[in-house]
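Engineer: Structure file entry11.txt (compact mmCIF, C-alpha atoms) is given on the next line.
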# COMPACT_ATOMS: atom_id res chain seq x y z
CA MET A 504 -7.09 28.88 16.59
CA THR A 505 -9.09 31.16 14.28
CA LYS A 506 -12.73 30.44 13.47
CA HIS A 507 -11.80 30.01 9.83
CA PHE A 508 -9.11 27.42 10.67
CA GLN A 509 -11.54 25.53 12.94
CA HIS A 510 -14.11 25.53 10.14
CA ASP A 511 -11.61 24.11 7.63
CA LEU A 512 -10.54 21.43 10.14
CA ASP A 513 -14.17 20.44 10.72
CA ASN A 514 -14.70 20.11 6.97
CA LEU A 515 -11.57 18.01 6.66
CA ARG A 516 -12.70 15.67 9.44
CA ARG A 517 -16.18 15.39 7.92
CA ASP A 518 -14.85 14.60 4.43
CA THR A 519 -12.37 12.06 5.81
CA LEU A 520 -15.22 10.25 7.59
CA ALA A 521 -17.34 10.36 4.42
CA LEU A 522 -14.44 8.80 2.50
CA ALA A 523 -14.07 6.11 5.19
CA SER A 524 -17.75 5.28 5.04
CA SER A 525 -17.65 4.88 1.23
CA VAL A 526 -14.60 2.65 1.55
CA GLU A 527 -16.28 0.48 4.20
CA GLU A 528 -19.30 0.06 1.92
CA ALA A 529 -17.01 -0.89 -0.98
CA ILE A 530 -15.32 -3.60 1.12
CA TYR A 531 -18.66 -5.12 2.15
CA GLY A 532 -19.95 -4.94 -1.43
CA ALA A 533 -16.81 -6.59 -2.78
CA ILE A 534 -17.03 -9.58 -0.43
CA GLN A 535 -20.76 -9.90 -1.01
CA ALA A 536 -20.14 -9.94 -4.78
CA LEU A 537 -17.52 -12.64 -4.28
CA GLN A 538 -19.77 -14.81 -2.14
CA ALA A 539 -22.92 -14.39 -4.25
CA ARG A 540 -21.12 -14.61 -7.64
CA ASN A 541 -22.78 -11.27 -8.38
CA ILE A 542 -21.11 -9.56 -11.36
CA ALA A 543 -23.48 -6.56 -11.32
CA LEU A 544 -22.59 -5.78 -7.69
CA ALA A 545 -18.87 -6.22 -8.42
CA GLN A 546 -19.13 -3.78 -11.34
CA GLN A 547 -21.07 -1.35 -9.17
CA VAL A 548 -18.27 -1.33 -6.57
CA ILE A 549 -15.65 -0.93 -9.32
CA SER A 550 -17.42 2.05 -10.89
CA GLY A 551 -18.01 3.53 -7.42
CA ASP A 552 -14.23 3.73 -7.00
CA ASP A 553 -14.12 6.92 -9.11
CA ALA A 554 -16.15 8.70 -6.42
CA ILE A 555 -13.75 7.40 -3.75
CA ASP A 556 -10.79 8.66 -5.79
CA SER A 557 -12.40 12.10 -6.26
CA LEU A 558 -13.05 12.33 -2.54
CA GLU A 559 -9.44 11.34 -1.86
CA ASN A 560 -8.21 14.09 -4.19
CA GLN A 561 -10.55 16.55 -2.51
CA VAL A 562 -9.34 15.65 1.00
CA GLY A 563 -5.71 15.83 -0.18
CA ASN A 564 -6.32 19.28 -1.62
CA GLU A 565 -8.08 20.40 1.59
CA CYS A 566 -4.97 19.36 3.56
CA LEU A 567 -2.69 21.34 1.25
CA LYS A 568 -5.04 24.34 1.39
CA ILE A 569 -5.02 24.28 5.21
CA LEU A 570 -1.23 24.02 5.26
CA ALA A 571 -0.91 26.95 2.87
CA LEU A 572 -3.59 29.20 4.40
CA HIS A 573 -3.20 28.59 8.13
CA GLN A 574 0.40 27.36 8.31
CA PRO A 575 -0.32 25.23 11.38
CA VAL A 576 2.44 24.14 13.75
CA ALA A 577 2.89 21.51 16.50
CA SER A 578 -0.18 19.32 17.10
CA ASP A 579 -2.24 21.05 14.40
CA LEU A 580 0.49 20.33 11.88
CA ARG A 581 0.59 16.69 13.02
CA MET A 582 -3.19 16.54 12.60
CA ILE A 583 -2.93 17.58 8.93
CA ALA A 584 0.00 15.25 8.25
CA THR A 585 -2.03 12.43 9.84
CA ALA A 586 -5.10 13.28 7.77
CA LEU A 587 -2.93 13.16 4.62
CA MET A 588 -1.63 9.70 5.53
CA ILE A 589 -5.08 8.38 6.54
CA ASN A 590 -6.38 9.67 3.23
CA THR A 591 -3.80 7.61 1.32
CA ASP A 592 -4.60 4.50 3.39
CA LEU A 593 -8.32 4.87 2.71
CA GLU A 594 -7.81 5.29 -1.00
CA ARG A 595 -5.65 2.14 -1.11
CA MET A 596 -8.35 0.23 0.76
CA GLY A 597 -10.75 1.31 -1.99
CA ASP A 598 -8.31 0.00 -4.61
CA LEU A 599 -8.11 -3.31 -2.75
CA ALA A 600 -11.92 -3.56 -2.71
CA VAL A 601 -11.76 -3.10 -6.50
CA ALA A 602 -9.10 -5.82 -6.72
CA ILE A 603 -11.43 -8.17 -4.77
CA CYS A 604 -14.24 -7.36 -7.23
CA GLU A 605 -11.96 -8.20 -10.16
CA ARG A 606 -11.36 -11.61 -8.55
CA ALA A 607 -15.15 -11.96 -8.03
CA ILE A 608 -15.73 -11.40 -11.75
CA VAL A 609 -13.00 -13.89 -12.74
CA LEU A 610 -14.58 -16.43 -10.34
CA VAL A 611 -17.96 -16.23 -12.08
CA GLY A 612 -16.31 -17.27 -15.38
CA GLY A 613 -14.88 -20.48 -13.89
CA PRO A 614 -16.11 -23.64 -12.15
CA THR A 615 -18.05 -23.15 -8.93
CA ILE A 616 -15.97 -23.15 -5.78
CA GLU A 617 -17.22 -22.91 -2.23
CA VAL A 618 -16.19 -19.63 -0.60
CA PRO A 619 -14.67 -20.39 2.85
CA ILE A 620 -17.22 -19.53 5.52
CA LYS A 621 -14.56 -17.76 7.59
CA LEU A 622 -14.20 -15.10 4.89
CA GLN A 623 -17.37 -13.43 6.18
CA ARG A 624 -16.01 -13.36 9.73
CA MET A 625 -12.71 -11.99 8.46
CA THR A 626 -14.65 -9.29 6.58
CA ASP A 627 -16.62 -8.37 9.72
CA SER A 628 -13.41 -8.06 11.75
CA THR A 629 -11.77 -6.01 9.00
CA THR A 630 -14.61 -3.49 8.54
CA ASN A 631 -14.78 -3.28 12.33
CA MET A 632 -11.12 -2.31 12.33
CA VAL A 633 -11.71 0.32 9.65
CA ARG A 634 -14.63 1.82 11.60
CA GLN A 635 -12.82 1.83 14.93
CA ALA A 636 -9.63 3.24 13.41
CA LEU A 637 -11.62 6.17 12.03
CA ASP A 638 -13.52 6.58 15.31
CA SER A 639 -10.18 6.73 17.10
CA PHE A 640 -9.13 9.50 14.69
CA SER A 641 -12.42 11.33 15.05
CA HIS A 642 -12.29 11.32 18.88
CA LEU A 643 -8.48 11.25 19.19
CA ASP A 644 -8.94 8.10 21.26
CA VAL A 645 -5.60 6.32 21.75
CA ARG A 646 -7.11 3.37 23.68
CA LEU A 647 -9.43 2.63 20.78
CA ALA A 648 -6.52 2.93 18.33
CA GLU A 649 -4.62 0.38 20.40
CA ARG A 650 -7.59 -2.02 20.26
CA VAL A 651 -7.45 -1.82 16.47
CA CYS A 652 -3.89 -3.20 16.56
CA GLN A 653 -5.12 -6.15 18.60
CA LEU A 654 -7.95 -6.90 16.15
CA ASP A 655 -5.34 -7.27 13.41
CA ASP A 656 -4.12 -10.49 15.05
CA GLU A 657 -7.61 -11.94 14.72
CA VAL A 658 -7.68 -11.05 11.00
CA ASP A 659 -4.26 -12.65 10.53
CA ARG A 660 -5.53 -15.85 12.16
CA TYR A 661 -8.57 -16.02 9.85
CA ASN A 662 -6.27 -15.35 6.92
CA ALA A 663 -4.00 -18.29 7.80
CA GLU A 664 -6.97 -20.64 8.34
CA ILE A 665 -8.64 -19.70 5.06
CA ILE A 666 -5.41 -20.17 3.11
CA GLN A 667 -4.94 -23.62 4.67
CA GLU A 668 -8.47 -24.51 3.57
CA LEU A 669 -7.77 -23.31 0.02
CA VAL A 670 -4.55 -25.33 -0.19
CA GLU A 671 -6.54 -28.43 0.77
CA THR A 672 -9.10 -27.67 -1.94
CA MET A 673 -6.36 -27.30 -4.58
CA ARG A 674 -4.79 -30.57 -3.49
CA LEU A 675 -8.03 -32.57 -3.57
CA LYS A 676 -9.56 -30.90 -6.63
CA PRO A 677 -6.87 -29.75 -9.11
CA GLU A 678 -9.65 -28.55 -11.43
CA LEU A 679 -10.34 -25.85 -8.82
CA ILE A 680 -6.76 -24.51 -8.67
CA GLU A 681 -7.53 -21.34 -10.62
CA PRO A 682 -10.68 -20.31 -8.72
CA ALA A 683 -8.92 -21.20 -5.44
CA LEU A 684 -6.08 -18.86 -6.47
CA SER A 685 -8.65 -16.10 -7.02
CA LEU A 686 -10.01 -16.68 -3.50
CA PHE A 687 -6.45 -16.76 -2.19
CA SER A 688 -5.78 -13.34 -3.76
CA ALA A 689 -9.08 -11.91 -2.47
CA THR A 690 -8.24 -13.11 1.06
CA ARG A 691 -4.81 -11.50 0.86
CA HIS A 692 -6.38 -8.24 -0.35
CA LEU A 693 -8.71 -8.28 2.66
CA GLU A 694 -5.77 -8.90 4.97
CA ARG A 695 -4.00 -5.89 3.46
CA ILE A 696 -7.10 -3.76 4.05
CA ALA A 697 -6.80 -4.68 7.74
CA ASP A 698 -3.10 -3.69 7.61
CA HIS A 699 -4.11 -0.26 6.30
CA ALA A 700 -6.59 0.08 9.19
CA THR A 701 -3.68 -0.70 11.53
CA ASN A 702 -1.61 2.00 9.81
CA ILE A 703 -4.41 4.48 10.51
CA ALA A 704 -4.57 3.48 14.18
CA GLU A 705 -0.79 3.83 14.47
CA ASN A 706 -1.01 7.29 12.92
CA VAL A 707 -3.67 8.29 15.46
CA ILE A 708 -1.37 7.19 18.30
CA TYR A 709 1.37 9.31 16.72
CA LEU A 710 -1.00 12.25 16.37
CA VAL A 711 -2.08 12.16 20.01
CA ASP A 712 1.17 11.13 21.69
CA GLY A 713 3.64 12.61 19.21
CA GLU A 714 5.26 9.19 19.29
CA ILE A 715 5.91 7.32 16.06
CA VAL A 716 4.72 3.76 16.72
CA ARG A 717 4.85 2.59 13.15
CA HIS A 718 7.51 -0.09 12.71
CA ARG A 719 7.82 -0.38 16.47
CA HIS A 720 5.81 -3.51 16.87
CA ASN A 721 7.27 -4.34 20.27
CA LEU A 722 6.10 -0.99 21.52
CA ILE A 723 2.67 -1.47 20.01
CA GLU A 724 2.37 -4.94 21.48
CA LYS A 725 3.36 -3.53 24.83
CA ARG A 726 0.87 -0.72 24.52
CA CYS A 727 -1.86 -3.03 23.29
CA SER A 728 -1.39 -5.71 25.94
CA MET B 1323 13.83 31.04 -1.09
CA THR B 1324 16.13 31.50 1.92
CA LYS B 1325 19.50 29.77 2.09
CA HIS B 1326 18.29 27.84 5.14
CA PHE B 1327 15.18 26.59 3.30
CA GLN B 1328 17.27 25.55 0.29
CA HIS B 1329 19.64 23.69 2.59
CA ASP B 1330 16.75 21.78 4.24
CA LEU B 1331 15.29 20.92 0.82
CA ASP B 1332 18.67 19.61 -0.36
CA ASN B 1333 18.92 17.42 2.73
CA LEU B 1334 15.41 16.13 2.15
CA ARG B 1335 16.17 15.23 -1.45
CA ARG B 1336 19.45 13.55 -0.44
CA ASP B 1337 17.78 11.47 2.30
CA THR B 1338 14.91 10.47 0.01
CA LEU B 1339 17.41 9.20 -2.57
CA ALA B 1340 19.34 7.33 0.14
CA LEU B 1341 16.08 5.69 1.23
CA ALA B 1342 15.30 4.75 -2.38
CA SER B 1343 18.71 3.22 -2.86
CA SER B 1344 18.33 1.07 0.30
CA VAL B 1345 14.89 -0.05 -0.89
CA GLU B 1346 16.23 -0.98 -4.34
CA GLU B 1347 18.97 -3.05 -2.71
CA ALA B 1348 16.38 -4.78 -0.48
CA ILE B 1349 14.28 -5.74 -3.53
CA TYR B 1350 17.28 -7.23 -5.34
CA GLY B 1351 18.38 -9.05 -2.20
CA ALA B 1352 14.90 -10.47 -1.62
CA ILE B 1353 14.61 -11.92 -5.13
CA GLN B 1354 18.16 -13.25 -4.98
CA ALA B 1355 17.34 -14.97 -1.66
CA LEU B 1356 14.25 -16.49 -3.25
CA GLN B 1357 16.11 -17.79 -6.29
CA ALA B 1358 19.16 -19.09 -4.41
CA ARG B 1359 17.17 -20.51 -1.45
CA ASN B 1360 19.47 -18.39 0.70
CA ILE B 1361 18.03 -18.00 4.22
CA ALA B 1362 20.97 -15.91 5.49
CA LEU B 1363 20.47 -13.34 2.74
CA ALA B 1364 16.70 -13.28 3.38
CA GLN B 1365 17.30 -12.65 7.07
CA GLN B 1366 19.82 -9.94 6.24
CA VAL B 1367 17.22 -8.10 4.12
CA ILE B 1368 14.61 -8.53 6.88
CA SER B 1369 16.86 -7.11 9.57
CA GLY B 1370 17.93 -4.30 7.22
CA ASP B 1371 14.31 -3.14 7.14
CA ASP B 1372 14.76 -1.41 10.52
CA ALA B 1373 17.27 0.96 8.92
CA ILE B 1374 14.79 1.63 6.08
CA ASP B 1375 12.05 2.35 8.62
CA SER B 1376 14.31 4.72 10.59
CA LEU B 1377 15.19 6.56 7.41
CA GLU B 1378 11.50 6.80 6.53
CA ASN B 1379 10.74 8.28 9.97
CA GLN B 1380 13.62 10.70 9.54
CA VAL B 1381 12.44 11.86 6.10
CA GLY B 1382 8.86 12.22 7.41
CA ASN B 1383 10.11 14.34 10.30
CA GLU B 1384 12.22 16.47 7.95
CA CYS B 1385 9.08 17.17 5.88
CA LEU B 1386 7.15 18.23 8.98
CA LYS B 1387 10.07 20.35 10.16
CA ILE B 1388 10.25 22.14 6.80
CA LEU B 1389 6.48 22.74 6.83
CA ALA B 1390 6.65 24.15 10.37
CA LEU B 1391 9.81 26.24 9.95
CA HIS B 1392 9.49 27.58 6.42
CA GLN B 1393 5.74 27.37 5.85
CA PRO B 1394 6.15 26.92 2.11
CA VAL B 1395 3.35 27.67 -0.37
CA ALA B 1396 2.52 26.83 -3.99
CA SER B 1397 5.09 24.61 -5.75
CA ASP B 1398 7.33 24.37 -2.65
CA LEU B 1399 4.39 23.11 -0.64
CA ARG B 1400 3.59 20.58 -3.37
CA MET B 1401 7.22 19.46 -3.28
CA ILE B 1402 7.00 18.64 0.44
CA ALA B 1403 3.61 16.93 0.07
CA THR B 1404 5.09 14.87 -2.79
CA ALA B 1405 8.17 13.97 -0.73
CA LEU B 1406 5.86 12.80 2.10
CA MET B 1407 3.92 10.55 -0.29
CA ILE B 1408 7.06 9.20 -2.00
CA ASN B 1409 8.43 8.44 1.45
CA THR B 1410 5.38 6.31 2.28
CA ASP B 1411 5.62 4.49 -1.06
CA LEU B 1412 9.29 3.70 -0.49
CA GLU B 1413 8.68 2.38 2.99
CA ARG B 1414 5.92 0.10 1.71
CA MET B 1415 8.25 -1.21 -1.00
CA GLY B 1416 10.68 -2.08 1.80
CA ASP B 1417 7.87 -3.95 3.59
CA LEU B 1418 7.10 -5.84 0.39
CA ALA B 1419 10.77 -6.83 0.02
CA VAL B 1420 10.51 -8.22 3.57
CA ALA B 1421 7.34 -10.10 2.60
CA ILE B 1422 9.22 -11.65 -0.35
CA CYS B 1423 12.00 -12.72 2.03
CA GLU B 1424 9.45 -14.36 4.32
CA ARG B 1425 8.25 -16.37 1.32
CA ALA B 1426 11.89 -17.22 0.49
CA ILE B 1427 12.37 -18.64 3.99
CA VAL B 1428 9.14 -20.66 3.80
CA LEU B 1429 10.27 -22.02 0.41
CA VAL B 1430 13.52 -23.38 1.83
CA GLY B 1431 11.52 -25.50 4.32
CA GLY B 1432 9.52 -27.24 1.54
CA PRO B 1433 10.16 -29.34 -1.55
CA THR B 1434 12.35 -27.80 -4.25
CA ILE B 1435 10.48 -25.85 -6.90
CA GLU B 1436 11.94 -24.20 -9.97
CA VAL B 1437 11.71 -20.41 -9.76
CA PRO B 1438 10.25 -19.10 -13.06
CA ILE B 1439 13.06 -17.61 -15.13
CA LYS B 1440 10.96 -14.55 -15.95
CA LEU B 1441 10.98 -13.51 -12.29
CA GLN B 1442 14.50 -12.13 -12.79
CA ARG B 1443 13.37 -10.08 -15.80
CA MET B 1444 10.37 -8.84 -13.85
CA THR B 1445 12.73 -7.83 -11.02
CA ASP B 1446 15.01 -5.96 -13.42
CA SER B 1447 12.06 -4.05 -14.89
CA THR B 1448 10.73 -3.27 -11.41
CA THR B 1449 13.98 -1.95 -9.94
CA ASN B 1450 14.42 0.00 -13.20
CA MET B 1451 11.04 1.60 -12.52
CA VAL B 1452 12.02 2.44 -8.94
CA ARG B 1453 15.28 4.05 -10.08
CA GLN B 1454 13.70 6.02 -12.92
CA ALA B 1455 10.79 7.17 -10.73
CA LEU B 1456 13.27 8.58 -8.21
CA ASP B 1457 15.38 10.11 -11.00
CA SER B 1458 12.25 11.79 -12.32
CA PHE B 1459 11.66 13.22 -8.81
CA SER B 1460 15.27 14.27 -8.44
CA HIS B 1461 15.35 16.12 -11.79
CA LEU B 1462 11.63 17.02 -11.89
CA ASP B 1463 11.53 15.21 -15.24
CA VAL B 1464 7.93 14.63 -16.34
CA ARG B 1465 8.89 12.74 -19.52
CA LEU B 1466 10.85 10.22 -17.45
CA ALA B 1467 7.94 9.91 -15.00
CA GLU B 1468 5.67 9.12 -17.93
CA ARG B 1469 8.06 6.39 -19.13
CA VAL B 1470 7.76 4.77 -15.69
CA CYS B 1471 4.01 4.38 -16.24
CA GLN B 1472 4.70 2.57 -19.52
CA LEU B 1473 7.19 0.19 -17.89
CA ASP B 1474 4.43 -0.91 -15.51
CA ASP B 1475 2.64 -2.62 -18.43
CA GLU B 1476 5.74 -4.74 -19.02
CA VAL B 1477 5.80 -5.77 -15.35
CA ASP B 1478 2.10 -6.64 -15.52
CA ARG B 1479 2.78 -8.86 -18.54
CA TYR B 1480 5.59 -10.73 -16.77
CA ASN B 1481 3.32 -11.10 -13.74
CA ALA B 1482 0.54 -12.72 -15.81
CA GLU B 1483 2.98 -15.07 -17.57
CA ILE B 1484 4.63 -16.19 -14.33
CA ILE B 1485 1.27 -16.85 -12.69
CA GLN B 1486 0.19 -18.94 -15.67
CA GLU B 1487 3.39 -20.96 -15.33
CA LEU B 1488 2.75 -21.50 -11.59
CA VAL B 1489 -0.83 -22.66 -12.21
CA GLU B 1490 0.53 -25.26 -14.65
CA THR B 1491 3.04 -26.44 -12.04
CA MET B 1492 0.29 -26.82 -9.41
CA ARG B 1493 -1.86 -28.72 -11.85
CA LEU B 1494 0.89 -31.15 -12.92
CA LYS B 1495 2.55 -31.51 -9.50
CA PRO B 1496 0.04 -31.17 -6.65
CA GLU B 1497 2.88 -31.83 -4.18
CA LEU B 1498 4.25 -28.42 -5.22
CA ILE B 1499 1.03 -26.46 -4.51
CA GLU B 1500 2.34 -24.85 -1.34
CA PRO B 1501 5.75 -23.72 -2.66
CA ALA B 1502 4.02 -22.56 -5.87
CA LEU B 1503 1.68 -20.46 -3.70
CA SER B 1504 4.72 -18.91 -2.04
CA LEU B 1505 6.13 -17.99 -5.45
CA PHE B 1506 2.69 -16.68 -6.47
CA SER B 1507 2.69 -14.38 -3.42
CA ALA B 1508 6.26 -13.25 -4.04
CA THR B 1509 5.40 -12.40 -7.65
CA ARG B 1510 2.36 -10.40 -6.53
CA HIS B 1511 4.51 -8.54 -4.00
CA LEU B 1512 6.93 -7.61 -6.77
CA GLU B 1513 4.05 -6.43 -8.93
CA ARG B 1514 2.87 -4.21 -6.08
CA ILE B 1515 6.37 -2.76 -5.74
CA ALA B 1516 6.07 -1.73 -9.39
CA ASP B 1517 2.68 -0.16 -8.61
CA HIS B 1518 4.30 1.92 -5.87
CA ALA B 1519 6.93 3.08 -8.37
CA THR B 1520 4.06 4.14 -10.64
CA ASN B 1521 2.51 6.06 -7.72
CA ILE B 1522 5.80 7.93 -7.30
CA ALA B 1523 5.93 8.79 -11.00
CA GLU B 1524 2.32 10.03 -10.88
CA ASN B 1525 3.18 12.18 -7.88
CA VAL B 1526 6.11 13.70 -9.77
CA ILE B 1527 3.79 14.60 -12.66
CA TYR B 1528 1.48 16.22 -10.11
CA LEU B 1529 4.38 18.06 -8.53
CA VAL B 1530 5.60 19.50 -11.83
CA ASP B 1531 2.31 20.11 -13.61
CA GLY B 1532 0.08 20.71 -10.59
CA GLU B 1533 -2.19 18.17 -12.22
CA ILE B 1534 -3.40 15.16 -10.24
CA VAL B 1535 -2.96 12.20 -12.58
CA ARG B 1536 -3.52 9.51 -10.00
CA HIS B 1537 -6.68 7.59 -10.77
CA ARG B 1538 -6.86 9.19 -14.19
CA HIS B 1539 -5.55 6.30 -16.14
CA ASN B 1540 -6.94 7.50 -19.44
CA LEU B 1541 -5.04 10.70 -19.02
CA ILE B 1542 -1.87 8.85 -18.10
CA GLU B 1543 -2.23 6.53 -21.07
CA LYS B 1544 -2.73 9.55 -23.28
CA ARG B 1545 0.27 11.28 -21.79
CA CYS B 1546 2.39 8.15 -22.01
CA SER B 1547 1.49 7.28 -25.59
Could you show the structure in this file as structure tokens?
Structural biologist:
Amino acid sequence: MTKHFQHDLDNLRRDTLALASSVEEAIYGAIQALQARNIALAQQVISGDDAIDSLENQVGNECLKILALHQPVASDLRMIATALMINTDLERMGDLAVAICERAIVLVGGPTIEVPIKLQRMTDSTTNMVRQALDSFSHLDVRLAERVCQLDDEVDRYNAEIIQELVETMRLKPELIEPALSLFSATRHLERIADHATNIAENVIYLVDGEIVRHRHNLIEKRCS
Amino acid sequence: MTKHFQHDLDNLRRDTLALASSVEEAIYGAIQALQARNIALAQQVISGDDAIDSLENQVGNECLKILALHQPVASDLRMIATALMINTDLERMGDLAVAICERAIVLVGGPTIEVPIKLQRMTDSTTNMVRQALDSFSHLDVRLAERVCQLDDEVDRYNAEIIQELVETMRLKPELIEPALSLFSATRHLERIADHATNIAENVIYLVDGEIVRHRHNLIEKRCS
């Protein structure tokens, strides 16, 4: 590997991690805005999405530049393809954080509804997944990537429990149906963020092992057990 | 361009269109299962997703193979990067069709709820978007890609109207809150399928013009007006 290629790869890894860190912050901010009925914070996260999008474009262009300049093959080629896919997942997580903020703003305009306490725990598990998925990419750590898949089950459990709680609220207090629907959407957005973290972990396993584990949930379960 | 390269590109285009056609069929099947409370059809779409996933893996591998063997640059490189991204969007649409089927199966287990009539129109607009987005890729037709962006507004309008209808149902018939939530989720899944079609159209504009229009909604609106 030439020095120039190594340098471009290092930059790519650094920018990917910077993107991940902005996305993680956006997710935390979005949930905080939702819980605290804080419109200013929600708007801050929404306007911060432009920077996330620019960074995504930059990382995408870096990948194309590396492909064109260094024409990598084998595991180096897989590394760039993985970085491209991780980049897309991160950008979508940013969009989902924006979607949560939009729900937060709608919530402020309506009657007060209690935000399920488990949403904070679900958020902690989700941002944990995002961080560990990126760590697994950064250190090419397959074991860590496999742990991320396991964490997704925890997020799914919180998701189901929160939705059950919201259904109860709608049933007992029909005047809260609309705000409960906003919380329902926000919860689903968070669950999808966790799914994107799982995608990243699966891509890391593919990168290291050359084995496509996406869509092979039996295999993942086996590997993760 | 060598004959071998051209041959690989033709195969890639053909397989991408085959994937798109399977995905379109899955979307129609999912909505039909939802409307007709047809568990068998829902299960058929769900089990058909394995074939979609295999095709996605195959197209992804073809892209990597072309990058490794032919080391394309400039517009050819953009074409492969675009095919990779379109591939991901199509696979996610397939997952969303599965998610709609899961809602269809849950619905059959609960009390009967009327499926909003506009859901069929929203489905027609959405599959129209998918078809036109892929046509725009196939013929590198930027004007058609721009029309896809406009169609997304129509889908968003149907989405808002259907959700309003479901909120009314929940309010008037609290015993229908859970099935209405299933329809709410299914509608949101369909709306996200349309968003993926928009992503594809934006990628085609990027491919042809070398201009990244993702995230630049003002630009898209300008271009589409």
Engineer: Compile a residue-level contact table for chain A against chain B at a cut-off of 8 Å, reporting for every qualifying residue the shortest atom pair and its distance in Å to one decimal, with all atoms listed in the file counted, rows ordered by chain and ascending number, as a tab-separated table.
Structural biologist:
residue	atom	partner	partner_atom	distance
A:Asp553	CA	B:His1537	CA	7.7
A:Asp556	CA	B:His1537	CA	6.5
A:Asn560	CA	B:Ile1534	CA	7.8
A:Leu567	CA	B:Leu1399	CA	7.5
A:Leu570	CA	B:Gln1393	CA	7.8
A:Ala571	CA	B:Val1395	CA	5.4
A:Gln574	CA	B:Gln1393	CA	5.9
A:Pro575	CA	B:Ala1390	CA	7.1
A:Val576	CA	B:Ala1390	CA	5.4
A:Ala577	CA	B:Ala1390	CA	7.7
A:Leu580	CA	B:Ala1390	CA	7.4
A:Arg581	CA	B:Leu1386	CA	7.9
A:Ala584	CA	B:Leu1386	CA	7.8
A:Val670	CA	B:Glu1500	CA	7.0
A:Met673	CA	B:Ile1499	CA	7.4
A:Arg674	CA	B:Pro1496	CA	5.8
A:Pro677	CA	B:Arg1493	CA	5.8
A:Glu678	CA	B:Arg1493	CA	7.8
A:Ile680	CA	B:Val1489	CA	7.1
A:Glu681	CA	B:Val1489	CA	7.0
A:Ile715	CA	B:Asn1379	CA	7.8
A:His718	CA	B:Asp1375	CA	6.6
Engineer: Which of these, B:Leu1377, B:Leu1505, B:Ala1467, B:Ile1368, has the shortest distance to Ala1519 (chain B) once you count all atoms listed in the file?
Structural biologist: B:Ala1467
Engineer: Find the spatial neighbours of Lys1440 (chain B), counting only C-alpha atoms, within a cut-off of 8 Å - ignore same-chain residues fewer than 2 positions away - and output them as a PyMOL selection string.
Structural biologist: chain B and resi 1438+1442-1444+1480+1484
Engineer: Nearest to Ile1361 (chain B): which of B:Ala1373, B:Met1415, B:Leu1341, B:Val1428 is it, counting all atoms listed in the file?
Structural biologist: B:Val1428
Engineer: Any idea what the distance is between CA of Thr585 (chain A) and CA of Asn706 (chain A)?
Structural biologist: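 Between these atoms lies a distance of 6.1 Å.
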